[in-house]
file protein_7.txt (compact mmCIF, C-alpha atoms)
# COMPACT_ATOMS: atom_id res chain seq x y z
CA MET A 880 38.56 -17.71 25.74
CA ALA A 881 35.02 -16.88 24.66
CA ILE A 882 34.47 -14.97 21.45
CA LYS A 883 32.52 -11.77 21.94
CA PRO A 884 29.34 -11.85 19.82
CA PHE A 885 28.96 -9.32 17.04
CA THR A 886 26.71 -6.65 18.52
CA SER A 887 26.54 -4.01 15.82
CA LEU A 888 24.46 -3.61 12.70
CA LYS A 889 26.98 -1.11 11.31
CA SER A 890 27.12 -1.40 7.55
CA GLN A 891 25.42 -4.76 7.96
CA ALA A 892 22.07 -4.11 6.31
CA HIS A 893 22.84 -6.96 3.90
CA LEU A 894 22.94 -9.35 6.90
CA SER A 895 19.69 -8.09 8.43
CA GLN A 896 16.05 -8.97 8.20
CA LEU A 897 13.30 -6.89 9.83
CA VAL A 898 10.50 -8.70 11.65
CA VAL A 899 7.38 -6.77 12.72
CA VAL A 900 5.24 -8.82 15.10
CA ASP A 901 1.46 -8.43 15.37
CA VAL A 902 0.92 -4.67 15.07
CA GLN A 903 -2.82 -5.07 14.58
CA THR A 904 -5.74 -2.68 14.89
CA LYS A 905 -7.57 -4.29 17.81
CA LEU A 906 -4.34 -4.69 19.77
CA THR A 907 -3.14 -1.13 19.19
CA ALA A 908 -6.52 0.18 20.38
CA VAL A 909 -5.87 -1.12 23.91
CA MET A 910 -2.30 0.17 24.23
CA PRO A 911 -1.27 3.38 26.02
CA SER A 912 -2.01 6.17 23.54
CA ALA A 913 1.26 8.13 23.54
CA ALA A 914 3.39 4.98 23.57
CA ILE A 915 1.52 3.36 20.68
CA GLN A 916 1.86 6.48 18.53
CA GLN A 917 5.62 6.54 19.11
CA MET A 918 5.89 2.82 18.39
CA LEU A 919 3.91 3.13 15.14
CA ARG A 920 6.11 6.02 13.99
CA ASN A 921 9.27 4.08 14.80
CA ILE A 922 8.12 0.90 13.08
CA GLY A 923 7.07 2.96 10.06
CA ASN A 924 10.59 4.40 9.96
CA LEU A 925 12.13 0.94 10.24
CA ILE A 926 9.97 -0.35 7.38
CA ALA A 927 10.71 2.70 5.21
CA ALA A 928 14.45 2.36 5.81
CA SER A 929 14.29 -1.37 5.14
CA GLN A 930 12.80 -0.59 1.73
CA LEU A 931 15.58 1.89 0.95
CA LEU A 932 18.35 -0.46 2.05
CA ASN A 933 17.01 -3.78 0.74
CA VAL A 934 16.40 -5.24 4.18
CA ALA A 935 13.57 -7.71 3.71
CA PRO A 936 10.67 -7.08 6.11
CA VAL A 937 8.46 -9.84 7.46
CA VAL A 938 5.14 -8.89 9.11
CA THR A 939 2.98 -11.21 11.19
CA GLU A 940 -0.62 -11.09 12.39
CA GLN A 941 -1.85 -13.03 15.41
CA TYR A 942 -5.32 -14.44 14.72
CA PRO A 943 -6.45 -11.53 12.48
CA LYS A 944 -10.12 -12.60 12.59
CA GLY A 945 -10.15 -11.67 16.26
CA LEU A 946 -7.40 -9.07 16.54
CA GLY A 947 -7.74 -7.24 13.23
CA ASN A 948 -5.21 -6.70 10.50
CA THR A 949 -1.92 -4.83 10.46
CA GLU A 950 -2.24 -1.13 11.23
CA PRO A 951 -3.02 0.61 7.91
CA ILE A 952 -0.44 3.33 8.54
CA LEU A 953 2.31 0.72 8.34
CA LEU A 954 0.98 -0.67 5.09
CA THR A 955 1.11 2.76 3.47
CA VAL A 956 4.89 2.62 3.87
CA ALA A 957 5.12 -0.78 2.16
CA PRO A 958 1.79 -1.75 0.60
CA HIS A 959 3.20 -4.86 -1.07
CA ILE A 960 3.94 -6.63 2.24
CA GLN A 961 1.72 -9.62 2.87
CA ALA A 962 1.31 -10.41 6.56
CA ILE A 963 1.81 -13.96 7.73
CA GLU A 964 -1.14 -15.18 9.76
CA LYS A 965 -0.37 -17.15 12.90
CA ILE A 966 -2.01 -18.51 16.01
CA THR A 967 1.21 -19.35 17.84
CA PHE A 968 2.80 -16.83 20.17
CA SER A 969 6.28 -17.44 18.80
CA CYS A 970 6.51 -16.62 15.12
CA MET A 971 9.06 -19.44 14.85
CA ALA A 972 6.31 -21.99 15.56
CA THR A 973 4.60 -20.98 12.30
CA PRO A 974 6.16 -22.77 9.29
CA LYS A 975 5.27 -20.00 6.83
CA PHE A 976 7.19 -17.51 8.98
CA VAL A 977 10.24 -19.76 9.15
CA GLN A 978 10.11 -20.08 5.35
CA GLN A 979 10.24 -16.27 5.05
CA LEU A 980 13.44 -16.05 7.09
CA SER A 981 16.44 -15.81 4.87
CA GLY A 982 19.17 -18.31 5.70
CA GLU A 983 21.94 -15.89 4.84
CA LYS A 984 20.48 -13.16 7.08
CA SER A 985 22.11 -13.79 10.45
CA GLN A 986 20.71 -10.67 12.14
CA ILE A 987 17.04 -10.23 12.96
CA VAL A 988 15.78 -6.77 13.90
CA LEU A 989 12.63 -7.32 15.94
CA ALA A 990 9.76 -4.87 16.59
CA GLY A 991 6.09 -5.21 17.48
CA MET A 992 3.79 -6.32 20.23
CA GLU A 993 3.26 -7.47 22.83
CA ALA A 994 6.81 -7.32 24.15
CA HIS A 995 6.30 -9.88 26.92
CA ILE A 996 4.43 -12.44 24.82
CA CYS A 997 4.93 -12.76 21.06
CA VAL A 998 8.05 -10.59 20.78
CA LEU A 999 9.71 -12.35 23.71
CA GLN A 1000 8.88 -15.88 22.59
CA THR A 1001 9.90 -15.14 19.00
CA ALA A 1002 13.22 -13.65 20.09
CA LEU A 1003 14.04 -16.61 22.33
CA ASP A 1004 13.27 -19.05 19.52
CA LEU A 1005 15.30 -17.02 17.01
CA ILE A 1006 18.30 -17.15 19.36
CA ALA A 1007 17.82 -20.90 19.73
CA ALA A 1008 17.86 -21.12 15.92
CA GLY A 1009 21.24 -19.37 15.82
CA LYS A 1010 20.15 -15.87 14.85
CA GLN A 1011 21.51 -12.70 16.41
CA VAL A 1012 18.49 -10.76 17.61
CA PHE A 1013 18.29 -6.97 17.90
CA VAL A 1014 15.16 -5.89 19.80
CA VAL A 1015 14.19 -2.29 19.07
CA GLU A 1016 13.14 -1.02 22.50
CA ASP A 1017 11.25 2.04 21.23
CA ALA A 1018 9.44 -0.10 18.63
CA ILE A 1019 7.96 -2.66 21.02
CA ILE A 1020 5.11 -2.27 23.48
CA SER A 1021 3.00 -4.07 26.06
CA ARG A 1022 -0.24 -2.91 27.61
CA GLU A 1023 1.50 -2.69 30.98
CA PRO A 1024 4.87 -0.89 31.09
CA ALA A 1025 6.07 -3.30 33.81
CA ASN A 1026 5.54 -6.22 31.43
CA LYS A 1027 7.62 -4.49 28.75
CA ALA A 1028 10.38 -3.77 31.27
CA ASN A 1029 10.38 -7.40 32.37
CA ALA A 1030 10.51 -8.57 28.76
CA ILE A 1031 13.47 -6.30 28.00
CA ALA A 1032 15.35 -7.64 31.02
CA ARG A 1033 14.67 -11.24 29.98
CA LEU A 1034 15.62 -10.52 26.35
CA ARG A 1035 18.90 -8.89 27.40
CA ASP A 1036 19.69 -11.80 29.73
CA ALA A 1037 18.97 -14.24 26.89
CA GLY A 1038 21.52 -12.56 24.63
CA CYS A 1039 19.44 -10.13 22.58
CA VAL A 1040 20.93 -6.75 21.74
CA ILE A 1041 18.55 -4.09 23.01
CA THR A 1042 18.69 -1.09 20.70
CA ASN A 1043 16.57 1.80 19.43
CA THR A 1044 15.18 2.90 16.08
CA GLU A 1045 17.70 5.59 15.25
CA SER A 1046 20.63 3.35 16.13
CA VAL A 1047 19.32 0.65 13.79
CA LEU A 1048 18.73 3.12 10.95
CA PHE A 1049 22.16 4.70 11.12
CA GLU A 1050 23.98 1.43 11.76
CA TRP A 1051 22.31 -0.01 8.66
CA LEU A 1052 23.51 3.04 6.73
CA GLY A 1053 27.06 3.09 8.04
CA VAL A 1054 27.93 6.34 6.19
CA ALA A 1055 26.54 9.87 6.10
CA GLN A 1056 26.20 10.18 2.35
CA GLY A 1057 24.01 9.22 -0.56
CA ASP A 1058 20.31 9.21 -1.32
CA ALA A 1059 19.47 6.62 1.35
CA PHE A 1060 21.18 8.76 4.01
CA LYS A 1061 19.22 11.83 2.92
CA ALA A 1062 15.92 9.94 2.94
CA ILE A 1063 16.54 8.31 6.32
CA SER A 1064 17.67 11.61 7.82
CA GLN A 1065 14.28 13.03 6.81
CA LEU A 1066 12.49 10.15 8.54
CA VAL A 1067 13.98 10.94 11.92
CA LYS A 1068 13.40 14.71 11.88

call {"tool": "encode", "arguments": {"input": "protein_7.txt", "output": "structure tokens"}}
result
Amino acid sequence: MAIKPFTSLKSQAHLSQLVVVDVQTKLTAVMPSAAIQQMLRNIGNLIAASQLLNVAPVVTEQYPKGLGNTEPILLTVAPHIQAIEKITFSCMATPKFVQQLSGEKSQIVLAGMEAHICVLQTALDLIAAGKQVFVVEDAIISREPANKANAIARLRDAGCVITNTESVLFEWLGVAQGDAFKAISQLVK
């Protein structure tokens, strides 16, 4: 009998690590306008909540000389974050990224761009490394919606949990009380 994988983040913030892939200025400029604004808001909320709940965020930048740096609006939420530069599509192929992953954090919450390239390849490699991967559907994007849809189908088939920003935030919280709950509730208004 197969054991059903754990598919909830509920009260599991201490097991989670947030990974934000390549949300860079020159990439965001070529994304659909309404979708990129929603994605930036959702990733900002994920980063803010991660700060409140001690979920370590890791941010990457794909070839920043050509694609620009991380969107400034995200850095206002957590100005101390230092992005990891990479030239590989999968973050897992960059040793500095792998070093930033915490061994005791079995759950990776994944957001960023593009869904069908760097997010997809990173997720597949994280699964191969034994991590449980939660892909935040409303916090990923591709230039073409069909490519995002294809990536989500592939990610689900590969064993990723496809979720959304509010689910992650409230599953990390687990209870409707305390200062963190009040602050996170304000984020999603």

call {"tool": "residues_around", "arguments": {"input": "protein_7.txt", "residues": "Ile915 (chain A)", "least_positions_apart": "5", "cutoff": "8 Å", "atoms": "only C-alpha atoms", "output": "mmCIF file with C-alpha atoms, keeping the file's coordinate frame"}}
result
data_model
loop_
_atom_site.group_PDB
_atom_site.id
_atom_site.type_symbol
_atom_site.label_atom_id
_atom_site.label_comp_id
_atom_site.auth_asym_id
_atom_site.auth_seq_id
_atom_site.Cartn_x
_atom_site.Cartn_y
_atom_site.Cartn_z
ATOM 1 C CA THR A 907 -3.140 -1.130 19.190
ATOM 2 C CA MET A 910 -2.300 0.170 24.230
ATOM 3 C CA ILE A 1020 5.110 -2.270 23.480
#

call {"tool": "closest_residue", "arguments": {"input": "protein_7.txt", "among": "A:Val934, A:Val1014, A:Ile1019, A:Val977", "to": "Ile922 (chain A)", "atoms": "all atoms listed in the file"}}
result
A:Ile1019

call {"tool": "residues_around", "arguments": {"input": "protein_7.txt", "residues": "Thr1044 (chain A)", "least_positions_apart": "2", "cutoff": "8 Å", "atoms": "all atoms listed in the file", "output": "PyMOL selection string"}}
result
chain A and resi 921-922+924-925+1015-1018+1042+1046-1048

call {"tool": "closest_residue", "arguments": {"input": "protein_7.txt", "among": "A:Ile1063, A:Ala914, A:Ile926, A:Val988", "to": "Asn1043 (chain A)", "atoms": "only C-alpha atoms"}}
result
A:Val988

call {"tool": "residues_around", "arguments": {"input": "protein_7.txt", "residues": "region 958-966 of chain A", "least_positions_apart": "2", "cutoff": "12 Å", "atoms": "all atoms listed in the file", "output": "ChimeraX atom specification"}}
result
/A:898-903,923,926-927,929-930,935-956,968-980,997

call {"tool": "residues_around", "arguments": {"input": "protein_7.txt", "residues": "Leu999 (chain A)", "least_positions_apart": "3", "cutoff": "9 Å", "atoms": "only C-alpha atoms", "output": "ChimeraX atom specification"}}
result
/A:968-969,993-996,1002-1004,1030-1031,1033-1034

call {"tool": "closest_residue", "arguments": {"input": "protein_7.txt", "among": "A:Lys984, A:Lys1068, A:Lys905, A:Arg1022", "to": "Gly1009 (chain A)", "atoms": "all atoms listed in the file"}}
result
A:Lys984

call {"tool": "atom_distance", "arguments": {"input": "protein_7.txt", "atom1": "CA of Leu1052 (chain A)", "atom2": "CA of Met992 (chain A)"}}
result
25.7 Å

call {"tool": "residues_around", "arguments": {"input": "protein_7.txt", "residues": "Ser981 (chain A)", "least_positions_apart": "5", "cutoff": "10 Å", "atoms": "only C-alpha atoms", "output": "VMD selection string"}}
result
chain A and resid 894 to 896 935 986 to 987

call {"tool": "closest_residue", "arguments": {"input": "protein_7.txt", "among": "A:Leu931, A:Gly982, A:Ser912, A:Ala892", "to": "Lys1061 (chain A)", "atoms": "only C-alpha atoms"}}
result
A:Leu931

call {"tool": "atom_distance", "arguments": {"input": "protein_7.txt", "atom1": "CA of Asp1036 (chain A)", "atom2": "CA of Ser985 (chain A)"}}
result
19.5 Å

call {"tool": "closest_residue", "arguments": {"input": "protein_7.txt", "among": "A:Ala1025, A:Gln1000, A:Leu932, A:Leu919", "to": "Trp1051 (chain A)", "atoms": "only C-alpha atoms"}}
result
A:Leu932

call {"tool": "atom_distance", "arguments": {"input": "protein_7.txt", "atom1": "CA of Ala1059 (chain A)", "atom2": "CA of Asn933 (chain A)"}}
result
10.7 Å

call {"tool": "closest_residue", "arguments": {"input": "protein_7.txt", "among": "A:Val1040, A:Ala913, A:Ala1062, A:Ala928", "to": "Ala957 (chain A)", "atoms": "all atoms listed in the file"}}
result
A:Ala928
